[in-house]
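Input: a single structure, listed below in structure tokens.
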Amino acid sequence: MYTEKEGLRLGLVGWVKNTYKGTVVGQVQGPADMVEEMKVWLSKEGSPTSRITRASFTNQRSIDKLELSGFKTRF
């Protein structure tokens with residue numbers, strides 16, 4: 001919920017999901033500077049109850065147009 005709110009605040013689109021392993025996975029799209037700001041937030045702040053020990057961002061690429069719409073929490 002907090003990640004979704006932050007993504008929307010930054011004008012990003014995408015999704016996030018908590019896993020059974022206690023990690024978070026997702027996809028974020030938008031202006032590169034806002035994506036970078038989201039990565040910093042995910043790495044250092046996160047939700048109020050989160051305990052961040054490591055952040056890993058993979059499969060990063062540039063796109064010509066957004067492939068998603070909205071920002072959602074998946075369950």
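We label chains A, B, ... in the order they appear in the structure tokens, count residues from 1 in each chain, and number ligands from 1 in the order shown.
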As a list of chain:residue names, please: all residues of chain A that backbone DSSP puts in helix (DSSP H, G or I).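 Matching residues for helix (DSSP H, G or I) in chain A are A:Tyr2, A:Thr3, A:Glu4, A:Lys5, A:Glu6, A:Gly7, A:Leu8, A:Arg9, A:Ala32, A:Asp33, A:Met34, A:Val35, A:Glu36, A:Glu37, A:Met38, A:Lys39, A:Val40, A:Trp41, A:Leu42, A:Ser43, A:Lys44.
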Dump as JSON lines the rows for residues of stretch 35-64 of chain A within 9 Å of stretch 16-29 of chain A: closest atom pair and distance in Å with one decimal, only C-alpha atoms counted, ordered by chain and rising residue number.
{"residue": "A:Val35", "atom": "CA", "partner": "A:Gln29", "partner_atom": "CA", "distance": 6.8}
{"residue": "A:Met38", "atom": "CA", "partner": "A:Val28", "partner_atom": "CA", "distance": 8.6}
{"residue": "A:Ile63", "atom": "CA", "partner": "A:Gln29", "partner_atom": "CA", "distance": 8.6}
Pull N, CA, C and O atoms from the residues just selected and write them as a short mmCIF file (atom, residue, chain, number, x, y, z; two decimals), in the first residue's frame.
data_model
loop_
_atom_site.label_atom_id
_atom_site.label_comp_id
_atom_site.auth_asym_id
_atom_site.auth_seq_id
_atom_site.Cartn_x
_atom_site.Cartn_y
_atom_site.Cartn_z
N VAL A 35 11.93 7.04 -11.72
CA VAL A 35 12.22 5.63 -11.43
C VAL A 35 13.41 5.54 -10.48
O VAL A 35 13.39 4.77 -9.52
N MET A 38 12.30 6.38 -7.04
CA MET A 38 11.56 5.26 -6.45
C MET A 38 12.53 4.19 -5.96
O MET A 38 12.34 3.60 -4.90
N ILE A 63 12.34 2.19 -22.46
CA ILE A 63 11.21 1.89 -23.33
C ILE A 63 10.74 3.19 -23.99
O ILE A 63 10.92 4.27 -23.46
#
Measuring between only C-alpha atoms, which one of A:Lys72, A:Leu10, A:Arg54, A:Thr3 shows the shortest distance to A:Asp33?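 Result for the nearest residue to A:Asp33: A:Leu10.
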Nearest to A:Glu6 among A:Pro31, A:Lys39, A:Asp64, A:Ser50, with distances taken over only C-alpha atoms: which residue is it?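 The shortest atom-to-atom distance to A:Glu6 comes from A:Lys39.
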Would you list the contacts of A:Gly70 as a list of chain:residue names, taking every protein, DNA or RNA residue within 8 Å and counting only C-alpha atoms, but skipping same-chain residues closer than 5 positions in sequence? A:Leu8, A:Leu12, A:Val13, A:Gly14
May I have the residues from that selection written out with N, CA and C atoms, as a PDB file, in the first residue's frame?
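The new file again07.pdb reads:
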ATOM      1  N   LEU A   8       2.515   6.337  -7.154  1.00  0.00           N
ATOM      2  CA  LEU A   8       1.544   7.300  -7.673  1.00  0.00           C
ATOM      3  C   LEU A   8       2.014   8.732  -7.433  1.00  0.00           C
ATOM      4  N   LEU A  12       4.482   7.410 -11.471  1.00  0.00           N
ATOM      5  CA  LEU A  12       4.922   6.182 -12.117  1.00  0.00           C
ATOM      6  C   LEU A  12       3.748   5.238 -12.342  1.00  0.00           C
ATOM      7  N   VAL A  13       3.956   4.255 -13.202  1.00  0.00           N
ATOM      8  CA  VAL A  13       2.996   3.168 -13.385  1.00  0.00           C
ATOM      9  C   VAL A  13       3.696   1.876 -13.051  1.00  0.00           C
ATOM     10  N   GLY A  14       2.913   0.863 -12.692  1.00  0.00           N
ATOM     11  CA  GLY A  14       3.515  -0.432 -12.402  1.00  0.00           C
ATOM     12  C   GLY A  14       2.722  -1.206 -11.379  1.00  0.00           C
TER      13      GLY A  14
END
Contacts of A:Ile52 within 9 Å, only C-alpha atoms, excl. fewer than 4 positions in-chain, as a PyMOL selection string: chain A and resi 42-46
Keeping only N, CA and C atoms, take the residues you just selected and write them out as a PDB file, in the first residue's frame.
ATOM      1  N   LEU A  42      12.714   2.740  -2.240  1.00  0.00           N
ATOM      2  CA  LEU A  42      12.600   1.303  -1.957  1.00  0.00           C
ATOM      3  C   LEU A  42      13.826   0.774  -1.217  1.00  0.00           C
ATOM      4  N   SER A  43      14.992   1.326  -1.505  1.00  0.00           N
ATOM      5  CA  SER A  43      16.242   0.862  -0.902  1.00  0.00           C
ATOM      6  C   SER A  43      16.452   1.365   0.522  1.00  0.00           C
ATOM      7  N   LYS A  44      15.941   2.549   0.815  1.00  0.00           N
ATOM      8  CA  LYS A  44      16.282   3.186   2.086  1.00  0.00           C
ATOM      9  C   LYS A  44      15.100   3.413   3.026  1.00  0.00           C
ATOM     10  N   GLU A  45      13.900   3.555   2.481  1.00  0.00           N
ATOM     11  CA  GLU A  45      12.763   3.905   3.329  1.00  0.00           C
ATOM     12  C   GLU A  45      11.696   2.818   3.334  1.00  0.00           C
ATOM     13  N   GLY A  46      11.023   2.617   2.234  1.00  0.00           N
ATOM     14  CA  GLY A  46       9.966   1.612   2.156  1.00  0.00           C
ATOM     15  C   GLY A  46       8.801   1.933   3.075  1.00  0.00           C
TER      16      GLY A  46
END
Choose the residue, out of A:Ser62, A:Phe71, A:Arg51, A:Ala32, that has the smallest atom-to-atom separation from A:Arg9; count only C-alpha atoms.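 Residue with the minimum atom-to-atom distance to A:Arg9: A:Phe71.
Residue nearest A:Gly30 within the list A:Tyr2, A:Ser47, A:Trp15, A:Leu66: A:Leu66 [criterion: smallest interatomic distance, only C-alpha atoms].
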Based on DSSP run over this structure's backbone, return all residues of stretch 7-73 of chain A in strand (DSSP E or B), as a list in words. Val13, Gly14, Trp15, Val16, Lys17, Asn18, Val24, Val25, Gly26, Gln27, Val28, Gln29, Phe71, Lys72 and Thr73 of chain A
Take the residues just selected and output them with N, CA, C and O atoms as an mmCIF file, in the first residue's frame.
data_model
loop_
_atom_site.group_PDB
_atom_site.id
_atom_site.type_symbol
_atom_site.label_atom_id
_atom_site.label_comp_id
_atom_site.auth_asym_id
_atom_site.auth_seq_id
_atom_site.Cartn_x
_atom_site.Cartn_y
_atom_site.Cartn_z
ATOM 1 N N VAL A 13 3.956 4.255 -13.202
ATOM 2 C CA VAL A 13 2.996 3.168 -13.385
ATOM 3 C C VAL A 13 3.696 1.876 -13.051
ATOM 4 O O VAL A 13 4.926 1.777 -13.113
ATOM 5 N N GLY A 14 2.913 0.863 -12.692
ATOM 6 C CA GLY A 14 3.515 -0.432 -12.402
ATOM 7 C C GLY A 14 2.722 -1.206 -11.379
ATOM 8 O O GLY A 14 1.537 -0.956 -11.158
ATOM 9 N N TRP A 15 3.405 -2.134 -10.733
ATOM 10 C CA TRP A 15 2.766 -2.977 -9.725
ATOM 11 C C TRP A 15 3.814 -3.475 -8.734
ATOM 12 O O TRP A 15 5.010 -3.497 -9.049
ATOM 13 N N VAL A 16 3.359 -3.849 -7.569
ATOM 14 C CA VAL A 16 4.207 -4.463 -6.537
ATOM 15 C C VAL A 16 3.440 -5.602 -5.887
ATOM 16 O O VAL A 16 2.213 -5.623 -5.891
ATOM 17 N N LYS A 17 4.192 -6.546 -5.336
ATOM 18 C CA LYS A 17 3.574 -7.693 -4.684
ATOM 19 C C LYS A 17 4.504 -8.208 -3.594
ATOM 20 O O LYS A 17 5.702 -8.357 -3.809
ATOM 21 N N ASN A 18 3.950 -8.460 -2.419
ATOM 22 C CA ASN A 18 4.704 -9.118 -1.351
ATOM 23 C C ASN A 18 4.736 -10.610 -1.639
ATOM 24 O O ASN A 18 3.716 -11.193 -2.020
ATOM 25 N N VAL A 24 9.662 -8.323 -1.736
ATOM 26 C CA VAL A 24 8.738 -7.586 -2.596
ATOM 27 C C VAL A 24 9.248 -7.675 -4.023
ATOM 28 O O VAL A 24 10.446 -7.519 -4.274
ATOM 29 N N VAL A 25 8.346 -7.942 -4.962
ATOM 30 C CA VAL A 25 8.681 -7.939 -6.382
ATOM 31 C C VAL A 25 7.764 -6.946 -7.074
ATOM 32 O O VAL A 25 6.711 -6.586 -6.546
ATOM 33 N N GLY A 26 8.161 -6.510 -8.250
ATOM 34 C CA GLY A 26 7.294 -5.593 -8.970
ATOM 35 C C GLY A 26 7.918 -5.086 -10.243
ATOM 36 O O GLY A 26 9.019 -5.503 -10.635
ATOM 37 N N GLN A 27 7.202 -4.198 -10.873
ATOM 38 C CA GLN A 27 7.654 -3.553 -12.101
ATOM 39 C C GLN A 27 7.249 -2.095 -12.039
ATOM 40 O O GLN A 27 6.123 -1.773 -11.639
ATOM 41 N N VAL A 28 8.167 -1.210 -12.425
ATOM 42 C CA VAL A 28 7.923 0.230 -12.382
ATOM 43 C C VAL A 28 8.323 0.821 -13.729
ATOM 44 O O VAL A 28 9.365 0.468 -14.276
ATOM 45 N N GLN A 29 7.485 1.717 -14.235
ATOM 46 C CA GLN A 29 7.789 2.415 -15.484
ATOM 47 C C GLN A 29 7.476 3.891 -15.325
ATOM 48 O O GLN A 29 6.571 4.265 -14.577
ATOM 49 N N PHE A 71 -0.956 2.261 -10.989
ATOM 50 C CA PHE A 71 0.008 1.631 -10.081
ATOM 51 C C PHE A 71 -0.805 0.830 -9.090
ATOM 52 O O PHE A 71 -1.657 1.376 -8.383
ATOM 53 N N LYS A 72 -0.566 -0.467 -9.036
ATOM 54 C CA LYS A 72 -1.405 -1.356 -8.245
ATOM 55 C C LYS A 72 -0.590 -2.266 -7.329
ATOM 56 O O LYS A 72 0.550 -2.572 -7.613
ATOM 57 N N THR A 73 -1.229 -2.680 -6.270
ATOM 58 C CA THR A 73 -0.681 -3.714 -5.400
ATOM 59 C C THR A 73 -1.348 -5.026 -5.788
ATOM 60 O O THR A 73 -2.577 -5.106 -5.794
#
